[in-house]
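*Asks:* Dumping the structure here so I can ask a few things about it.
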Amino acid sequence: MKALTWQGKRDVRVEEVPDPRIEEPTDAIVKITSTAICGSDLHLYEVLGPYLKPGDVLGHEPMGIVEEVGSEVTGLKPGDRVVVPFNISCGSCWMCRRQLYAQCETTQVTGAGKGAALFGYTSLYGSVPGGQAEYLRVPQAHFGPIKIPQTGADERYLYLSDILPTAWQAVEYAEIPPGGSVTVFGLGPVGQFCTRIAKHRGARVIGVDYVPERREMARRHGIEVLDPGEHDNVPEAVRELTSGRGSDSVIDAVGMEAHGNPIAGMAQKLVGLLPDTAAQKLMQTAGVDRLQALTQSIETVCRGGTISISGVYGGTADPLNMLQLFDKGVKLAMGQAHVKRWIGDLMPLLSGEDDPLGVEDLCTHRLPLDEAPHGYEIFQKKQDGAIKVVLQP
């Protein structure tokens, strides 16, 4: 089959790889009909290469048709249409019983000290072949795949694989008070959905992003937007809009590759130049995340407010202003999305005739799998108005 493989920094290629097969009785094989490029995939493209090897198959936002199931997979059969969550969870362990599916103890990558295995996302998360391919082997298929209606456009449901539950969790974790306000830093795909979900739930929403096309998309959905390029002090601009206090809550939907912080930017570039072992050591001992979005989140949130972090960070020695966090009494909440936990909340918003979260107004580029390298390039460089790229094998 054809699959998108990682070959090096900013080097991904569509190659022929062996077809997946049933390896465990709880496996399923899914023929992929749509699979998206995630902002987290860009971290693999740019920063997290030390934890990949040439030939690794990328992708963790897939959906498709079940082709085959293992002997212990019940409730799923060939022909079913499914979305596959990005985290692989068993549904029955101590963590899963508490709906902490991103920490599943059955698939936890304990050797790397990490949580549940993820599709297509480095040795830190199990080196499980990903879904930017024609076919996907799905472990723990007795629990993971989400059955969806047989009719309707893929994009109505595709984002259940990751970014919709990620955004829903981010809003939940933000604990926006009734009728309160939230500032969302980063209007990429997750940030777009964060703003729409928060507005749908009655909040006043302020979105912050440098990219004009992202701000314009947010405006279409009734979001107030700020361009950091037009404000010397974004937190002060938010305070001016919120009675001088700052917003009740803040969501950081940016993560490790924010603008600013040239020192961390140099560290990221150095990581890309070093041999894997040395690069991994640097990431474990140096501040490699550009923290501008998180720093501004701390400055923006009102005293006693909550910061919810959905953007991915990869450093282990990043400096944070603990004095400011403590003095303001800020609550932090973060982590990988527990995808299955939020499906019951999200499915009714997708299955009706209306589209309250605007899921059909997110994808800007639909490309065949063969053009995936181009999709990565324009998404990473923010070219051609690329906000969300969907691949169709």
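By order in the structure tokens, chains are A, B, ...; within a chain, residues start at 1; ligands start at 1, following the order shown.
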Which residues are near Ile223 (chain A)? Cut-off 8 Å, only C-alpha atoms, ignore same chain within fewer than 4 positions. Put them as a PyMOL selection string.
*Replies:* chain A and resi 195-196+199+205-207+218-219
*Asks:* Would you list the contacts of region 84-88 of chain A as a short mmCIF file (atom, residue, chain, number, x, y, z; two decimals) with N, CA and C atoms, in the first residue's frame, taking every protein, DNA or RNA residue within 8 Å and counting only C-alpha atoms, but skipping same-chain residues closer than 6 positions in sequence?
*Replies:*
data_model
loop_
_atom_site.label_atom_id
_atom_site.label_comp_id
_atom_site.auth_asym_id
_atom_site.auth_seq_id
_atom_site.Cartn_x
_atom_site.Cartn_y
_atom_site.Cartn_z
N HIS A 60 -2.39 10.70 12.52
CA HIS A 60 -3.21 10.22 13.63
C HIS A 60 -4.63 10.80 13.60
N GLU A 61 -5.10 11.23 12.43
CA GLU A 61 -6.47 11.73 12.30
C GLU A 61 -7.18 11.01 11.15
N PRO A 62 -7.41 9.69 11.28
CA PRO A 62 -7.97 8.93 10.15
C PRO A 62 -9.43 8.50 10.36
N MET A 63 -10.08 8.20 9.26
CA MET A 63 -11.37 7.53 9.29
C MET A 63 -11.49 6.66 8.05
N TYR A 101 -8.43 8.19 29.07
CA TYR A 101 -8.04 7.27 28.00
C TYR A 101 -6.65 7.58 27.44
N ALA A 102 -6.20 8.82 27.54
CA ALA A 102 -4.86 9.16 27.06
C ALA A 102 -3.77 8.63 27.97
N CYS A 104 -4.09 5.32 29.21
CA CYS A 104 -4.41 3.88 29.25
C CYS A 104 -3.22 3.06 29.72
N THR A 107 -1.80 0.29 27.07
CA THR A 107 -0.94 0.71 25.95
C THR A 107 0.12 1.72 26.37
N ALA A 116 -0.57 6.75 27.01
CA ALA A 116 -1.06 5.79 26.03
C ALA A 116 -0.36 5.93 24.68
N ALA A 117 -0.23 4.82 23.98
CA ALA A 117 0.34 4.84 22.64
C ALA A 117 -0.53 5.68 21.72
N LEU A 118 0.13 6.32 20.75
CA LEU A 118 -0.55 7.14 19.75
C LEU A 118 -0.22 6.63 18.36
N PHE A 119 -1.12 6.82 17.43
CA PHE A 119 -0.83 6.47 16.05
C PHE A 119 0.18 7.46 15.46
N VAL A 138 -5.55 -1.13 13.45
CA VAL A 138 -6.06 -0.46 14.65
C VAL A 138 -6.00 -1.42 15.84
N PRO A 139 -5.03 -1.27 16.74
CA PRO A 139 -5.03 -2.07 17.97
C PRO A 139 -6.18 -1.65 18.89
N GLN A 140 -6.57 -2.54 19.80
CA GLN A 140 -7.64 -2.26 20.77
C GLN A 140 -8.93 -1.84 20.06
N GLY A 144 -11.70 1.23 20.68
CA GLY A 144 -11.33 2.53 20.15
C GLY A 144 -12.19 3.11 19.05
N PRO A 145 -12.39 2.43 17.92
CA PRO A 145 -13.08 3.06 16.79
C PRO A 145 -14.47 3.55 17.14
N ILE A 146 -14.84 4.68 16.55
CA ILE A 146 -16.13 5.32 16.78
C ILE A 146 -17.00 5.08 15.55
N LEU A 160 -13.49 14.11 14.75
CA LEU A 160 -13.64 13.38 16.01
C LEU A 160 -12.39 12.58 16.34
N SER A 161 -11.54 12.34 15.36
CA SER A 161 -10.31 11.58 15.59
C SER A 161 -9.37 12.28 16.56
N ASP A 162 -9.42 13.63 16.60
CA ASP A 162 -8.46 14.36 17.43
C ASP A 162 -8.95 15.77 17.76
N HIS A 338 -8.67 12.99 26.00
CA HIS A 338 -9.25 11.66 26.25
C HIS A 338 -10.42 11.48 25.28
N VAL A 339 -10.10 11.18 24.04
CA VAL A 339 -11.04 11.32 22.93
C VAL A 339 -12.41 10.71 23.21
N LYS A 340 -12.44 9.44 23.59
CA LYS A 340 -13.73 8.75 23.75
C LYS A 340 -14.60 9.39 24.84
#
*Asks:* Would you kindly return, as a ChimeraX atom specification, each protein, DNA or RNA residue with an atom no farther than 10 Å from any atom of Gln103 (chain A), considering only C-alpha atoms and excluding same-chain residues fewer than 3 positions away?
*Replies:* /A:87-89,93-96,98-100,106-109,114-117,335-338
*Asks:* I need the helix (DSSP H, G or I) residues of region 12-56 of chain A per DSSP on the backbone, written as a ChimeraX atom specification.
*Replies:* /A:39-46,49-51
*Asks:* So that I can check the surroundings of Glu67 (chain A), please list as a PyMOL selection string every protein, DNA and RNA residue that reaches within 7 Å of it, counting only C-alpha atoms and ignoring chain neighbours fewer than 2 positions away.
*Replies:* chain A and resi 29-31+65+78-79
*Asks:* Could the residues in this selection be written to a file with C-alpha atoms, as a PDB file, in the first residue's frame?
*Replies:*
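Generated output (out.pdb):
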ATOM      1  CA  ILE A  29      -7.910  -3.256   9.596  1.00  0.00           C
ATOM      2  CA  VAL A  30      -9.481  -0.055   8.287  1.00  0.00           C
ATOM      3  CA  LYS A  31      -9.410   1.175   4.686  1.00  0.00           C
ATOM      4  CA  ILE A  65     -14.311   1.539   6.378  1.00  0.00           C
ATOM      5  CA  PRO A  78     -16.501  -5.320   8.031  1.00  0.00           C
ATOM      6  CA  GLY A  79     -18.315  -2.543   6.229  1.00  0.00           C
TER       7      GLY A  79
END
*Asks:* Measuring atom to atom with only C-alpha atoms, identify which of A:Arg10, A:Lys381, A:His365, A:Arg21 is nearest to Pro129 (chain A).
*Replies:*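 Looking only at the distances to Pro129 (chain A), the closest residue turns out to be A:Arg21.
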*Asks:* I need the residues in region 155-330 of chain A that are strand (DSSP E) according to DSSP; give them as number ranges by chain.
*Replies:* A: 181-185, 204-208, 224-226, 247-252, 301-309
*Asks:* Any chance you could export the current selection's C-alpha atoms as a PDB file, in the first residue's frame?
*Replies:*
ATOM      1  CA  SER A 181     -14.798  35.339  28.815  1.00  0.00           C
ATOM      2  CA  VAL A 182     -11.971  33.313  27.306  1.00  0.00           C
ATOM      3  CA  THR A 183      -8.948  34.285  25.229  1.00  0.00           C
ATOM      4  CA  VAL A 184      -7.693  31.660  22.779  1.00  0.00           C
ATOM      5  CA  PHE A 185      -4.060  31.987  21.704  1.00  0.00           C
ATOM      6  CA  ARG A 204     -17.349  35.837  25.135  1.00  0.00           C
ATOM      7  CA  VAL A 205     -14.412  34.709  22.988  1.00  0.00           C
ATOM      8  CA  ILE A 206     -11.287  36.619  21.941  1.00  0.00           C
ATOM      9  CA  GLY A 207      -8.961  34.907  19.445  1.00  0.00           C
ATOM     10  CA  VAL A 208      -5.297  35.858  18.955  1.00  0.00           C
ATOM     11  CA  GLU A 224     -13.479  38.877  18.340  1.00  0.00           C
ATOM     12  CA  VAL A 225      -9.904  38.736  17.074  1.00  0.00           C
ATOM     13  CA  LEU A 226      -6.605  40.436  17.857  1.00  0.00           C
ATOM     14  CA  SER A 247     -10.275  37.205  30.559  1.00  0.00           C
ATOM     15  CA  ASP A 248     -11.712  34.704  33.047  1.00  0.00           C
ATOM     16  CA  SER A 249      -9.971  31.878  31.221  1.00  0.00           C
ATOM     17  CA  VAL A 250      -7.251  31.425  28.602  1.00  0.00           C
ATOM     18  CA  ILE A 251      -6.624  28.551  26.197  1.00  0.00           C
ATOM     19  CA  ASP A 252      -3.101  28.082  24.805  1.00  0.00           C
ATOM     20  CA  VAL A 301      -5.730  35.526  32.469  1.00  0.00           C
ATOM     21  CA  CYS A 302      -7.469  37.358  35.278  1.00  0.00           C
ATOM     22  CA  ARG A 303      -6.508  36.749  38.896  1.00  0.00           C
ATOM     23  CA  GLY A 304      -8.011  33.500  40.098  1.00  0.00           C
ATOM     24  CA  GLY A 305      -8.598  32.380  36.511  1.00  0.00           C
ATOM     25  CA  THR A 306      -7.744  29.181  34.636  1.00  0.00           C
ATOM     26  CA  ILE A 307      -5.302  28.449  31.828  1.00  0.00           C
ATOM     27  CA  SER A 308      -6.059  25.403  29.690  1.00  0.00           C
ATOM     28  CA  ILE A 309      -3.177  24.140  27.547  1.00  0.00           C
TER      29      ILE A 309
END
*Asks:* Pick out the residues sitting within 9 Å of Val359 (chain A), and hand them over as a VMD selection string; count only C-alpha atoms, and ignore anything fewer than 6 positions along from it in its own chain.
*Replies:* chain A and resid 155 to 157 159 164 193 350
*Asks:* Hey, can you spit out that residue selection with N, CA and C atoms as a compact mmCIF listing (two decimals), in the first residue's frame?
*Replies:*
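What ended up in out02.txt:
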# COMPACT_ATOMS: atom_id res chain seq x y z
N GLU A 155 -15.92 14.90 6.27
CA GLU A 155 -15.50 16.00 7.14
C GLU A 155 -16.51 16.34 8.22
N ARG A 156 -17.73 15.84 8.11
CA ARG A 156 -18.69 16.02 9.18
C ARG A 156 -18.23 15.29 10.44
N TYR A 157 -17.47 14.18 10.26
CA TYR A 157 -17.09 13.35 11.39
C TYR A 157 -15.57 13.19 11.58
N TYR A 159 -13.06 14.99 12.21
CA TYR A 159 -12.33 15.69 13.26
C TYR A 159 -12.58 15.10 14.65
N LEU A 164 -11.48 17.90 17.37
CA LEU A 164 -12.73 18.29 18.02
C LEU A 164 -12.74 17.89 19.50
N PHE A 193 -11.70 25.53 16.65
CA PHE A 193 -12.78 24.79 17.30
C PHE A 193 -12.95 25.22 18.76
N LEU A 350 -22.99 17.00 15.63
CA LEU A 350 -22.56 16.67 14.27
C LEU A 350 -23.64 15.96 13.46
*Asks:* Excluding same-chain residues fewer than 5 positions from Gln324 (chain A), what lies within 9 Å of it counting only C-alpha atoms, as a PyMOL selection string?
*Replies:* chain A and resi 298-299+329-330
*Asks:* As an mmCIF file with C-alpha atoms, in the first residue's frame, please: the residues near Val12 (chain A) (cut-off 8 Å, only C-alpha atoms, same-chain neighbours under 5 positions excluded).
*Replies:*
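Final output, selection_4.cif:
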data_model
loop_
_atom_site.group_PDB
_atom_site.id
_atom_site.type_symbol
_atom_site.label_atom_id
_atom_site.label_comp_id
_atom_site.auth_asym_id
_atom_site.auth_seq_id
_atom_site.Cartn_x
_atom_site.Cartn_y
_atom_site.Cartn_z
ATOM 1 C CA LEU A 4 3.342 8.831 3.982
ATOM 2 C CA THR A 5 6.719 8.149 5.612
ATOM 3 C CA TRP A 6 9.071 10.329 7.609
ATOM 4 C CA GLN A 7 12.593 10.473 6.134
ATOM 5 C CA TYR A 45 8.266 17.598 10.532
ATOM 6 C CA PRO A 373 4.434 16.324 1.108
#
*Asks:* I'd like the interatomic distance between CA of Gly180 (chain A) and CA of Ala237 (chain A), to a tenth of an Å.
*Replies:*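 Spanning CA of Gly180 (chain A) to CA of Ala237 (chain A) is a straight-line distance of 17.3 Å.
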*Asks:* Check the smallest atom-to-atom distance from each of A:Glu16, A:Leu357, A:Gly70, A:Val47 to Arg201 (chain A) using only C-alpha atoms, then report the winner.
*Replies:*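 Counting only C-alpha atoms, the residue closest to Arg201 (chain A) is A:Leu357.
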